[in-house]
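Here's coords.txt, which has compact mmCIF, C-alpha atoms and all ligand atoms:
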```txt
# COMPACT_ATOMS: atom_id res chain seq x y z
CA MET A 142 -137.89 -20.51 -78.26
CA LYS A 143 -141.64 -20.83 -77.66
CA THR A 144 -144.30 -18.93 -79.58
CA ALA A 145 -147.58 -17.65 -78.13
CA ILE A 146 -150.59 -16.11 -79.84
CA VAL A 147 -152.51 -13.61 -77.72
CA THR A 148 -155.84 -12.46 -79.15
CA GLY A 149 -157.09 -9.04 -78.08
CA ALA A 150 -153.59 -7.78 -77.30
CA THR A 151 -154.34 -4.10 -78.00
CA ALA A 152 -155.60 -3.44 -74.44
CA GLY A 153 -156.12 -4.74 -70.93
CA ILE A 154 -155.43 -8.37 -70.07
CA GLY A 155 -154.24 -9.30 -73.57
CA LYS A 156 -151.74 -6.46 -73.78
CA ALA A 157 -150.36 -7.21 -70.30
CA THR A 158 -150.10 -10.91 -71.22
CA ALA A 159 -148.25 -10.24 -74.47
CA VAL A 160 -145.72 -8.06 -72.63
CA MET A 161 -145.27 -10.53 -69.76
CA LEU A 162 -144.81 -13.50 -72.08
CA ALA A 163 -142.26 -11.54 -74.13
CA GLN A 164 -140.42 -10.62 -70.93
CA ASN A 165 -140.30 -14.32 -70.11
CA GLY A 166 -138.82 -15.56 -73.35
CA PHE A 167 -141.85 -16.10 -75.61
CA ARG A 168 -142.08 -14.80 -79.16
CA VAL A 169 -145.55 -13.32 -79.45
CA ILE A 170 -148.17 -13.06 -82.17
CA ILE A 171 -150.41 -10.19 -81.13
CA THR A 172 -153.90 -9.64 -82.55
CA GLY A 173 -156.71 -7.09 -82.43
CA ARG A 174 -158.66 -4.76 -84.71
CA ARG A 175 -156.72 -1.55 -83.95
CA GLN A 176 -153.63 -1.45 -86.17
CA GLU A 177 -152.07 1.58 -84.43
CA LYS A 178 -152.28 -0.13 -81.01
CA LEU A 179 -150.68 -3.28 -82.46
CA ASP A 180 -147.90 -1.17 -83.99
CA SER A 181 -147.12 0.61 -80.74
CA LEU A 182 -147.16 -2.66 -78.75
CA LYS A 183 -144.85 -4.24 -81.32
CA HIS A 184 -142.46 -1.31 -80.92
CA GLU A 185 -142.61 -1.55 -77.09
CA ILE A 186 -141.95 -5.30 -77.02
CA LYS A 187 -139.15 -5.15 -79.60
CA SER A 188 -137.35 -2.18 -78.07
CA LEU A 189 -137.86 -2.75 -74.34
CA HIS A 190 -138.00 -6.52 -74.18
CA LYS A 191 -135.91 -7.42 -77.26
CA GLN A 192 -138.37 -10.05 -78.40
CA LYS A 193 -139.77 -10.98 -81.83
CA VAL A 194 -143.36 -9.88 -82.45
CA LEU A 195 -145.81 -10.58 -85.26
CA PRO A 196 -148.82 -8.24 -85.25
CA LEU A 197 -151.94 -9.48 -87.07
CA CYS A 198 -154.84 -7.08 -87.46
CA PHE A 199 -158.21 -8.82 -87.94
CA ASP A 200 -161.71 -9.15 -86.54
CA ILE A 201 -162.19 -12.52 -84.85
CA ARG A 202 -165.91 -12.42 -85.73
CA ASN A 203 -165.07 -12.98 -89.40
CA PHE A 204 -163.98 -16.58 -90.12
CA SER A 205 -162.31 -15.78 -93.45
CA GLU A 206 -160.22 -13.05 -91.77
CA VAL A 207 -159.24 -15.49 -89.00
CA GLU A 208 -158.38 -18.18 -91.53
CA SER A 209 -156.27 -15.93 -93.74
CA ALA A 210 -154.42 -14.39 -90.77
CA LEU A 211 -153.74 -17.56 -88.74
CA GLY A 212 -154.01 -20.29 -91.37
CA LYS A 213 -150.97 -19.19 -93.36
CA LEU A 214 -148.38 -17.99 -90.88
CA PRO A 215 -144.83 -17.23 -92.08
CA ALA A 216 -142.64 -20.36 -91.78
CA GLU A 217 -140.65 -19.08 -88.81
CA TRP A 218 -143.92 -18.53 -86.87
CA SER A 219 -145.59 -21.75 -87.86
CA LYS A 220 -145.11 -23.70 -84.60
CA ILE A 221 -147.57 -22.40 -82.01
CA ASP A 222 -146.93 -23.47 -78.43
CA VAL A 223 -149.56 -21.37 -76.65
CA LEU A 224 -152.85 -19.77 -77.69
CA VAL A 225 -154.42 -17.27 -75.30
CA ASN A 226 -158.06 -16.85 -76.35
CA ASN A 227 -158.53 -13.49 -74.67
CA ALA A 228 -160.34 -11.17 -77.14
CA GLY A 229 -163.82 -10.49 -75.84
CA LEU A 230 -166.22 -7.89 -74.57
CA ALA A 231 -169.42 -7.00 -72.79
CA VAL A 232 -171.72 -4.45 -74.44
CA GLY A 233 -174.69 -2.91 -72.65
CA VAL A 234 -176.29 -3.46 -69.24
CA ASN A 235 -179.96 -3.86 -70.13
CA PRO A 236 -182.55 -6.21 -68.68
CA ILE A 237 -183.40 -8.95 -71.15
CA GLN A 238 -186.62 -7.32 -72.43
CA ASP A 239 -184.69 -4.15 -73.35
CA GLY A 240 -181.70 -5.90 -74.87
CA VAL A 241 -180.20 -4.34 -77.99
CA ILE A 242 -179.90 -6.93 -80.77
CA ASP A 243 -176.62 -5.47 -82.03
CA ASP A 244 -175.13 -5.66 -78.51
CA TRP A 245 -176.18 -9.30 -78.21
CA GLU A 246 -174.70 -10.16 -81.59
CA ARG A 247 -171.41 -8.42 -80.85
CA MET A 248 -171.01 -10.41 -77.63
CA ILE A 249 -172.09 -13.77 -79.06
CA ASP A 250 -170.08 -13.31 -82.27
CA THR A 251 -166.91 -12.25 -80.44
CA ASN A 252 -166.91 -14.22 -77.19
CA ILE A 253 -168.26 -17.51 -78.53
CA LYS A 254 -167.97 -17.68 -82.30
CA GLY A 255 -164.69 -15.73 -82.57
CA LEU A 256 -163.08 -17.90 -79.89
CA LEU A 257 -164.26 -20.98 -81.79
CA TYR A 258 -162.92 -19.72 -85.13
CA VAL A 259 -159.46 -19.03 -83.72
CA THR A 260 -159.44 -22.32 -81.82
CA LYS A 261 -160.39 -24.34 -84.90
CA ILE A 262 -157.45 -23.00 -86.92
CA VAL A 263 -154.85 -23.10 -84.15
CA SER A 264 -155.85 -26.43 -82.58
CA ARG A 265 -155.44 -28.21 -85.93
CA ARG A 266 -151.90 -26.85 -86.12
CA MET A 267 -151.24 -27.98 -82.53
CA ILE A 268 -152.58 -31.47 -83.35
CA GLU A 269 -150.13 -31.69 -86.29
CA GLN A 270 -147.30 -30.66 -83.95
CA GLY A 271 -148.45 -33.10 -81.24
CA SER A 272 -148.34 -30.43 -78.53
CA GLY A 273 -149.79 -27.11 -77.46
CA HIS A 274 -151.56 -25.23 -74.68
CA ILE A 275 -154.80 -23.28 -75.07
CA VAL A 276 -155.74 -20.75 -72.40
CA ASN A 277 -159.31 -19.47 -72.56
CA ILE A 278 -160.21 -16.31 -70.68
CA GLY A 279 -163.56 -17.03 -69.10
CA SER A 280 -165.01 -15.08 -66.18
CA THR A 281 -166.63 -15.33 -62.79
CA ALA A 282 -169.66 -14.56 -65.00
CA GLY A 283 -169.08 -17.98 -66.58
CA THR A 284 -170.49 -19.75 -63.53
CA GLN A 285 -172.62 -17.00 -61.92
CA VAL A 286 -175.28 -14.77 -63.48
CA TYR A 287 -175.99 -11.28 -62.17
CA GLU A 288 -178.73 -8.71 -62.87
CA ASN A 289 -178.54 -7.25 -66.39
CA GLY A 290 -175.56 -9.48 -67.19
CA ASN A 291 -177.80 -11.90 -69.11
CA VAL A 292 -176.15 -12.29 -72.53
CA TYR A 293 -172.58 -11.51 -71.43
CA CYS A 294 -172.91 -14.12 -68.66
CA ALA A 295 -174.34 -16.59 -71.20
CA THR A 296 -171.33 -16.11 -73.49
CA LYS A 297 -168.94 -16.74 -70.60
CA HIS A 298 -170.96 -19.81 -69.55
CA ALA A 299 -170.38 -20.96 -73.14
CA VAL A 300 -166.62 -20.36 -72.76
CA HIS A 301 -166.74 -22.44 -69.56
CA ALA A 302 -168.49 -25.31 -71.37
CA LEU A 303 -166.24 -25.03 -74.42
CA SER A 304 -163.11 -25.11 -72.25
CA GLN A 305 -164.28 -28.43 -70.79
CA GLY A 306 -165.23 -29.74 -74.23
CA MET A 307 -161.90 -28.74 -75.77
CA ARG A 308 -160.02 -30.38 -72.90
CA ILE A 309 -161.84 -33.65 -73.56
CA ASP A 310 -161.51 -33.55 -77.38
CA LEU A 311 -157.83 -32.57 -77.33
CA LEU A 312 -156.83 -34.98 -74.56
CA LYS A 313 -155.64 -37.70 -76.93
CA HIS A 314 -153.49 -35.15 -78.78
CA GLY A 315 -151.59 -34.07 -75.66
CA ILE A 316 -152.90 -30.50 -75.86
CA LYS A 317 -153.51 -28.72 -72.56
CA VAL A 318 -156.56 -26.52 -72.04
CA THR A 319 -156.70 -24.07 -69.15
CA GLU A 320 -159.53 -21.70 -68.34
CA VAL A 321 -158.66 -18.55 -66.40
CA ARG A 322 -161.76 -16.87 -64.96
CA PRO A 323 -161.18 -13.34 -63.66
CA GLY A 324 -163.51 -11.26 -61.53
CA LEU A 325 -163.42 -7.45 -61.47
CA ALA A 326 -160.42 -6.27 -63.53
CA GLU A 327 -159.99 -2.62 -64.45
CA THR A 328 -159.13 -2.45 -68.16
CA GLU A 329 -161.01 -0.98 -71.15
CA PHE A 330 -163.69 -3.63 -70.49
CA SER A 331 -166.10 -1.42 -68.55
CA VAL A 332 -165.68 1.57 -70.90
CA VAL A 333 -166.68 -0.72 -73.78
CA ARG A 334 -169.57 -2.18 -71.77
CA PHE A 335 -170.90 1.30 -70.91
CA LYS A 336 -170.29 2.52 -74.48
CA GLY A 337 -167.82 5.25 -73.55
CA ASP A 338 -169.66 6.54 -70.45
CA ILE A 339 -166.56 6.95 -68.28
CA GLU A 340 -168.39 7.81 -65.04
CA SER A 341 -170.56 4.67 -65.21
CA ALA A 342 -167.53 2.63 -66.27
CA LYS A 343 -165.66 3.57 -63.06
CA LYS A 344 -168.44 2.50 -60.69
CA PRO A 345 -167.82 -1.30 -60.58
CA TYR A 346 -164.29 -0.64 -59.27
CA MET A 347 -165.10 2.02 -56.68
CA GLY A 348 -164.22 1.30 -53.05
CA LEU A 349 -161.96 -1.67 -53.79
CA ILE A 350 -158.65 -2.52 -55.39
CA PRO A 351 -159.56 -4.29 -58.65
CA LEU A 352 -157.42 -6.77 -60.54
CA SER A 353 -155.14 -5.38 -63.24
CA GLY A 354 -154.20 -6.87 -66.58
CA ASP A 355 -150.82 -7.73 -65.04
CA ASP A 356 -152.48 -9.77 -62.26
CA ILE A 357 -154.13 -12.00 -64.85
CA ALA A 358 -151.04 -12.14 -67.08
CA ASP A 359 -149.12 -13.43 -64.08
CA VAL A 360 -151.62 -16.29 -63.63
CA ILE A 361 -151.49 -17.14 -67.34
CA LEU A 362 -147.68 -17.21 -67.26
CA PHE A 363 -147.78 -19.54 -64.24
CA ALA A 364 -150.27 -21.86 -65.95
CA ILE A 365 -148.25 -22.18 -69.16
CA THR A 366 -144.92 -22.76 -67.44
CA ARG A 367 -145.90 -25.87 -65.40
CA PRO A 368 -144.12 -29.15 -66.20
CA SER A 369 -145.45 -30.90 -69.31
CA HIS A 370 -147.33 -33.56 -67.27
CA VAL A 371 -149.18 -30.94 -65.16
CA ASN A 372 -152.25 -28.97 -66.26
CA LEU A 373 -154.24 -26.34 -64.43
CA ASN A 374 -157.78 -26.84 -65.66
CA ASP A 375 -159.81 -24.01 -64.19
CA ILE A 376 -158.53 -20.99 -62.28
CA GLU A 377 -160.90 -18.39 -60.79
CA VAL A 378 -159.13 -15.16 -59.76
CA THR A 379 -160.82 -12.27 -57.99
CA PRO A 380 -159.73 -9.16 -56.13
CA THR A 381 -159.35 -9.86 -52.40
CA ALA A 382 -162.43 -7.67 -51.92
CA GLN A 383 -164.58 -9.92 -54.14
CA ALA A 384 -165.89 -13.30 -52.95
CA SER A 385 -168.19 -13.91 -55.94
CA SER A 386 -170.21 -12.00 -58.52
CA TYR A 387 -172.66 -11.16 -55.71
CA TYR A 388 -170.42 -10.41 -52.74
CA VAL A 389 -168.08 -7.45 -53.08
CA PHE A 390 -166.76 -5.55 -50.05
CA ARG A 391 -166.43 -1.81 -50.79
CA LYS A 392 -164.86 0.68 -48.37
P1 LIG A 401 -160.32 -4.77 -72.95
O1 LIG A 401 -161.52 -4.07 -73.50
O2 LIG A 401 -159.29 -3.97 -72.24
O3 LIG A 401 -159.62 -5.62 -74.10
C1 LIG A 401 -160.38 -6.40 -74.98
C2 LIG A 401 -159.53 -6.85 -76.14
O4 LIG A 401 -160.33 -7.66 -77.03
C3 LIG A 401 -159.00 -5.69 -76.97
O5 LIG A 401 -157.66 -5.93 -77.29
C4 LIG A 401 -159.85 -5.72 -78.24
O6 LIG A 401 -159.08 -5.29 -79.35
C5 LIG A 401 -160.13 -7.22 -78.38
N1 LIG A 401 -161.32 -7.47 -79.18
C6 LIG A 401 -162.62 -7.16 -78.90
N2 LIG A 401 -163.41 -7.49 -79.92
C7 LIG A 401 -162.60 -8.02 -80.90
C8 LIG A 401 -162.84 -8.53 -82.19
N3 LIG A 401 -164.07 -8.58 -82.72
N4 LIG A 401 -161.80 -8.97 -82.92
C9 LIG A 401 -160.55 -8.92 -82.40
N5 LIG A 401 -160.26 -8.47 -81.17
C10 LIG A 401 -161.28 -8.01 -80.43
O7 LIG A 401 -160.93 -5.89 -71.97
P2 LIG A 401 -160.22 -6.97 -71.03
O8 LIG A 401 -158.77 -6.99 -71.21
O9 LIG A 401 -160.75 -6.78 -69.66
O10 LIG A 401 -160.90 -8.28 -71.60
C11 LIG A 401 -160.19 -9.38 -72.08
C12 LIG A 401 -160.97 -10.63 -71.81
O11 LIG A 401 -161.13 -10.80 -70.42
C13 LIG A 401 -162.40 -10.65 -72.40
O12 LIG A 401 -162.66 -11.92 -72.93
C14 LIG A 401 -163.27 -10.37 -71.19
O13 LIG A 401 -164.56 -10.90 -71.33
C15 LIG A 401 -162.48 -11.09 -70.11
N6 LIG A 401 -162.75 -10.70 -68.75
C16 LIG A 401 -162.58 -9.40 -68.35
C17 LIG A 401 -162.84 -9.06 -67.04
C18 LIG A 401 -162.75 -7.67 -66.54
O14 LIG A 401 -163.31 -7.39 -65.46
N7 LIG A 401 -162.07 -6.76 -67.23
C19 LIG A 401 -163.23 -10.08 -66.05
C20 LIG A 401 -163.39 -11.39 -66.59
C21 LIG A 401 -163.13 -11.68 -67.89
P3 LIG A 401 -159.59 -4.31 -80.51
O15 LIG A 401 -160.59 -3.37 -79.88
O16 LIG A 401 -158.34 -3.64 -80.98
O17 LIG A 401 -160.17 -5.22 -81.51
C1 LIG A 402 -166.15 -9.61 -66.25
C2 LIG A 402 -166.50 -9.81 -64.83
O1 LIG A 402 -168.33 -9.28 -63.14
O2 LIG A 402 -167.48 -7.44 -64.48
O3 LIG A 402 -166.17 -10.82 -66.92
O4 LIG A 402 -168.90 -9.13 -65.48
S1 LIG A 402 -167.87 -8.87 -64.47
```

Mind converting the file's structure to C-alpha cells?
Amino acid sequence: MKTAIVTGATAGIGKATAVMLAQNGFRVIITGRRQEKLDSLKHEIKSLHKQKVLPLCFDIRNFSEVESALGKLPAEWSKIDVLVNNAGLAVGVNPIQDGVIDDWERMIDTNIKGLLYVTKIVSRRMIEQGSGHIVNIGSTAGTQVYENGNVYCATKHAVHALSQGMRIDLLKHGIKVTEVRPGLAETEFSVVRFKGDIESAKKPYMGLIPLSGDDIADVILFAITRPSHVNLNDIEVTPTAQASSYYVFRK
C-alpha cells in the first residue's frame, strides 16, 4: 500500500486531496497547525474510507518542527511514496508601498521556506528508497503577476522555479516532480487573504463557477497514478470561466 504526505490538509485543496487519496487506496499523513481539524479529518478518513491516517500537527515555517515531525516517522510510515507540498497562503492585498511586513514574512516563510524545509526532509528519504513523487501546488500566479498580488505572486513564481530545479536535481534518483498550478479555487484561501473579511473574500468568485478542492485533488490523483515511466511536469488548471489571471468571464 502506498503512503502519501499532504501538507495543509486541514482545509481546502489539501483536505480534499487527503480524502481522495484515501478513497483511492493511499495511507495518508496529514499535516497542518490546527489539531482539532486534523483530528476530525482523521476520524472521517478512518470511519468513512477505512484507511490508515497519521496526523502531524506542526508549523512548516519552523525547520526544527518540520524535522522532528517528518524526520522520525514511525517505522510503519517510513516509506513515503508521494509528497503533496500544498500548505500555503496569501495574506493581504496591498500595493507594494503599503505592504505589511508581517504579511510578507508569513507568505515567504510558508510558501517558499516551509515548502523547502518539508522537501529537504522528505526528498532525502525518497532518495534512500530510490523512488518517490513530489507534487508542488503552484498557481496561475506563479507565471502571471496581477495588481496588488506582488509578494504572493513572487512566492508562487519561486514555487515554479523550485519545481523545475527539484525535477533536475532529483532526476538521477528517479523521483518525479509535478507542479499543479490552480487558478480561482474557492476554499479558505480568500478568507485568509482578506483576514476574515467574508464579503471581500467572496468577490473573486462572484459571477463564475470556481474550482473546488475536489477539482484539484482529482488532478493530483491523476498525476500520481500514471505509469512509472510517465511524468506530468506542469499542469495549469483554471475554471472554464478563467483564461488567465487577467481574463475572467463573469455573468
Ligand atoms: P486553504 O486556506 O483552504 O488551506 C491552506 C492550508 O495550508 C490549510 O490546511 C492550512 O492549515 C495550511 N497552512 C497554512 N500555513 C501553514 C503553516 N505555516 N504550517 C502548516 N500548514 C499551514 O487554502 P487552499 O486550499 O486554497 O490553498 C492550498 C494551496 O493552494 C496553497 O499553497 C495556495 O497558495 C494554493 N493555491 C490556491 C488557490 C486558490 O484559489 N484557492 C489557487 C492556486 C493555488 P492550518 O491553518 O491548519 O495550518
Ligand atoms: C491563487 C490564485 O489568482 O487567486 O493562487 O491569486 S489567485

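The space separating CA of Pro351 in chain A from CA of Gln192 in chain A comes to 29.5 Å.
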
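With distances restricted to only C-alpha atoms, A:Thr260 is the closest residue to Glu208 in chain A from A:Ser353, A:Thr284, A:Thr260, A:Thr381.
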
Between A:Val225, A:Leu230, A:Ala157, A:Ile253, smallest distance to Ala302 in chain A by all atoms listed in the file belongs to A:Ile253

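In this model, the gap between CA of Arg266 in chain A and CA of Ser209 in chain A comes to 14.0 Å.
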
Using all atoms listed in the file, the best pick from A:Tyr258, A:Tyr387, A:Tyr293, A:Tyr287 as closest to Asn203 in chain A would be A:Tyr258

- Query: At most 9 Å from (-154.7, -32.6, -83.7), file frame, all atoms listed in the file: which residues, as a list of chain:residue names?
  - Reply: A:Ser264, A:Arg265, A:Arg266, A:Met267, A:Ile268, A:Glu269, A:Gln270, A:Gly271, A:Ser272, A:Leu311, A:Lys313, A:His314, A:Gly315, A:Ile316

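Remark: for Glu288 in chain A, the closest of the candidate residues A:Leu224, A:Ala152, A:Val234, A:Ile262 is A:Val234 (distances computed over only C-alpha atoms).
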
Would you mind completing range 320-346 of chain A to N, CA, C and O atoms and writing the output as a PDB file, in the frame of the given file?
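Okay, selection_19.pdb is ready:
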```
ATOM      1  N   GLU A 320    -158.632 -22.861 -68.350  1.00  0.00           N
ATOM      2  CA  GLU A 320    -159.530 -21.700 -68.340  1.00  0.00           C
ATOM      3  C   GLU A 320    -159.150 -20.810 -67.163  1.00  0.00           C
ATOM      4  O   GLU A 320    -159.029 -21.282 -66.029  1.00  0.00           O
ATOM      5  N   VAL A 321    -158.936 -19.526 -67.456  1.00  0.00           N
ATOM      6  CA  VAL A 321    -158.660 -18.550 -66.400  1.00  0.00           C
ATOM      7  C   VAL A 321    -159.891 -17.662 -66.310  1.00  0.00           C
ATOM      8  O   VAL A 321    -160.322 -17.084 -67.318  1.00  0.00           O
ATOM      9  N   ARG A 322    -160.474 -17.565 -65.110  1.00  0.00           N
ATOM     10  CA  ARG A 322    -161.760 -16.870 -64.960  1.00  0.00           C
ATOM     11  C   ARG A 322    -161.637 -15.692 -64.002  1.00  0.00           C
ATOM     12  O   ARG A 322    -161.801 -15.837 -62.787  1.00  0.00           O
ATOM     13  N   PRO A 323    -161.338 -14.509 -64.536  1.00  0.00           N
ATOM     14  CA  PRO A 323    -161.180 -13.340 -63.660  1.00  0.00           C
ATOM     15  C   PRO A 323    -162.508 -12.789 -63.150  1.00  0.00           C
ATOM     16  O   PRO A 323    -163.552 -12.933 -63.799  1.00  0.00           O
ATOM     17  N   GLY A 324    -162.406 -12.108 -62.009  1.00  0.00           N
ATOM     18  CA  GLY A 324    -163.510 -11.260 -61.530  1.00  0.00           C
ATOM     19  C   GLY A 324    -163.235  -9.835 -61.975  1.00  0.00           C
ATOM     20  O   GLY A 324    -162.747  -9.609 -63.090  1.00  0.00           O
ATOM     21  N   LEU A 325    -163.506  -8.873 -61.097  1.00  0.00           N
ATOM     22  CA  LEU A 325    -163.420  -7.450 -61.470  1.00  0.00           C
ATOM     23  C   LEU A 325    -161.982  -7.039 -61.822  1.00  0.00           C
ATOM     24  O   LEU A 325    -161.109  -7.016 -60.949  1.00  0.00           O
ATOM     25  N   ALA A 326    -161.743  -6.710 -63.064  1.00  0.00           N
ATOM     26  CA  ALA A 326    -160.420  -6.270 -63.530  1.00  0.00           C
ATOM     27  C   ALA A 326    -160.584  -4.941 -64.262  1.00  0.00           C
ATOM     28  O   ALA A 326    -161.407  -4.840 -65.177  1.00  0.00           O
ATOM     29  N   GLU A 327    -159.825  -3.950 -63.851  1.00  0.00           N
ATOM     30  CA  GLU A 327    -159.990  -2.620 -64.450  1.00  0.00           C
ATOM     31  C   GLU A 327    -159.116  -2.507 -65.700  1.00  0.00           C
ATOM     32  O   GLU A 327    -157.892  -2.424 -65.622  1.00  0.00           O
ATOM     33  N   THR A 328    -159.785  -2.516 -66.842  1.00  0.00           N
ATOM     34  CA  THR A 328    -159.130  -2.450 -68.160  1.00  0.00           C
ATOM     35  C   THR A 328    -160.017  -1.522 -69.011  1.00  0.00           C
ATOM     36  O   THR A 328    -160.735  -0.696 -68.459  1.00  0.00           O
ATOM     37  N   GLU A 329    -160.043  -1.737 -70.334  1.00  0.00           N
ATOM     38  CA  GLU A 329    -161.010  -0.980 -71.150  1.00  0.00           C
ATOM     39  C   GLU A 329    -162.387  -1.649 -71.145  1.00  0.00           C
ATOM     40  O   GLU A 329    -163.344  -1.144 -71.745  1.00  0.00           O
ATOM     41  N   PHE A 330    -162.473  -2.801 -70.466  1.00  0.00           N
ATOM     42  CA  PHE A 330    -163.690  -3.630 -70.490  1.00  0.00           C
ATOM     43  C   PHE A 330    -164.963  -2.833 -70.144  1.00  0.00           C
ATOM     44  O   PHE A 330    -165.967  -2.883 -70.866  1.00  0.00           O
ATOM     45  N   SER A 331    -164.891  -2.096 -69.030  1.00  0.00           N
ATOM     46  CA  SER A 331    -166.100  -1.420 -68.550  1.00  0.00           C
ATOM     47  C   SER A 331    -166.456  -0.213 -69.432  1.00  0.00           C
ATOM     48  O   SER A 331    -167.627   0.103 -69.627  1.00  0.00           O
ATOM     49  N   VAL A 332    -165.437   0.435 -69.982  1.00  0.00           N
ATOM     50  CA  VAL A 332    -165.680   1.570 -70.900  1.00  0.00           C
ATOM     51  C   VAL A 332    -166.410   1.063 -72.149  1.00  0.00           C
ATOM     52  O   VAL A 332    -167.340   1.706 -72.649  1.00  0.00           O
ATOM     53  N   VAL A 333    -166.013  -0.118 -72.619  1.00  0.00           N
ATOM     54  CA  VAL A 333    -166.680  -0.720 -73.780  1.00  0.00           C
ATOM     55  C   VAL A 333    -168.112  -1.119 -73.386  1.00  0.00           C
ATOM     56  O   VAL A 333    -169.074  -0.826 -74.095  1.00  0.00           O
ATOM     57  N   ARG A 334    -168.234  -1.729 -72.207  1.00  0.00           N
ATOM     58  CA  ARG A 334    -169.570  -2.180 -71.770  1.00  0.00           C
ATOM     59  C   ARG A 334    -170.542  -1.010 -71.645  1.00  0.00           C
ATOM     60  O   ARG A 334    -171.692  -1.101 -72.042  1.00  0.00           O
ATOM     61  N   PHE A 335    -170.049   0.119 -71.087  1.00  0.00           N
ATOM     62  CA  PHE A 335    -170.900   1.300 -70.910  1.00  0.00           C
ATOM     63  C   PHE A 335    -170.802   2.263 -72.098  1.00  0.00           C
ATOM     64  O   PHE A 335    -171.173   3.422 -71.994  1.00  0.00           O
ATOM     65  N   LYS A 336    -170.299   1.783 -73.214  1.00  0.00           N
ATOM     66  CA  LYS A 336    -170.290   2.520 -74.480  1.00  0.00           C
ATOM     67  C   LYS A 336    -169.687   3.919 -74.357  1.00  0.00           C
ATOM     68  O   LYS A 336    -170.261   4.902 -74.823  1.00  0.00           O
ATOM     69  N   GLY A 337    -168.550   3.994 -73.647  1.00  0.00           N
ATOM     70  CA  GLY A 337    -167.820   5.250 -73.550  1.00  0.00           C
ATOM     71  C   GLY A 337    -168.249   6.147 -72.412  1.00  0.00           C
ATOM     72  O   GLY A 337    -167.646   7.213 -72.212  1.00  0.00           O
ATOM     73  N   ASP A 338    -169.221   5.737 -71.617  1.00  0.00           N
ATOM     74  CA  ASP A 338    -169.660   6.540 -70.450  1.00  0.00           C
ATOM     75  C   ASP A 338    -168.672   6.282 -69.301  1.00  0.00           C
ATOM     76  O   ASP A 338    -168.793   5.316 -68.549  1.00  0.00           O
ATOM     77  N   ILE A 339    -167.681   7.182 -69.198  1.00  0.00           N
ATOM     78  CA  ILE A 339    -166.560   6.950 -68.280  1.00  0.00           C
ATOM     79  C   ILE A 339    -167.008   6.903 -66.827  1.00  0.00           C
ATOM     80  O   ILE A 339    -166.525   6.077 -66.042  1.00  0.00           O
ATOM     81  N   GLU A 340    -167.927   7.779 -66.441  1.00  0.00           N
ATOM     82  CA  GLU A 340    -168.390   7.810 -65.040  1.00  0.00           C
ATOM     83  C   GLU A 340    -169.026   6.483 -64.649  1.00  0.00           C
ATOM     84  O   GLU A 340    -168.708   5.906 -63.609  1.00  0.00           O
ATOM     85  N   SER A 341    -169.926   5.973 -65.499  1.00  0.00           N
ATOM     86  CA  SER A 341    -170.560   4.670 -65.210  1.00  0.00           C
ATOM     87  C   SER A 341    -169.525   3.556 -65.222  1.00  0.00           C
ATOM     88  O   SER A 341    -169.602   2.610 -64.426  1.00  0.00           O
ATOM     89  N   ALA A 342    -168.557   3.678 -66.126  1.00  0.00           N
ATOM     90  CA  ALA A 342    -167.530   2.630 -66.270  1.00  0.00           C
ATOM     91  C   ALA A 342    -166.674   2.497 -65.016  1.00  0.00           C
ATOM     92  O   ALA A 342    -166.175   1.411 -64.707  1.00  0.00           O
ATOM     93  N   LYS A 343    -166.516   3.601 -64.263  1.00  0.00           N
ATOM     94  CA  LYS A 343    -165.660   3.570 -63.060  1.00  0.00           C
ATOM     95  C   LYS A 343    -166.349   2.882 -61.891  1.00  0.00           C
ATOM     96  O   LYS A 343    -165.697   2.349 -60.991  1.00  0.00           O
ATOM     97  N   LYS A 344    -167.687   2.909 -61.891  1.00  0.00           N
ATOM     98  CA  LYS A 344    -168.440   2.500 -60.690  1.00  0.00           C
ATOM     99  C   LYS A 344    -168.166   1.069 -60.213  1.00  0.00           C
ATOM    100  O   LYS A 344    -168.034   0.853 -59.006  1.00  0.00           O
ATOM    101  N   PRO A 345    -168.051   0.071 -61.096  1.00  0.00           N
ATOM    102  CA  PRO A 345    -167.820  -1.300 -60.580  1.00  0.00           C
ATOM    103  C   PRO A 345    -166.552  -1.429 -59.747  1.00  0.00           C
ATOM    104  O   PRO A 345    -166.442  -2.351 -58.928  1.00  0.00           O
ATOM    105  N   TYR A 346    -165.599  -0.513 -59.931  1.00  0.00           N
ATOM    106  CA  TYR A 346    -164.290  -0.640 -59.270  1.00  0.00           C
ATOM    107  C   TYR A 346    -164.136   0.304 -58.092  1.00  0.00           C
ATOM    108  O   TYR A 346    -163.070   0.373 -57.487  1.00  0.00           O
TER     109      TYR A 346
END
```
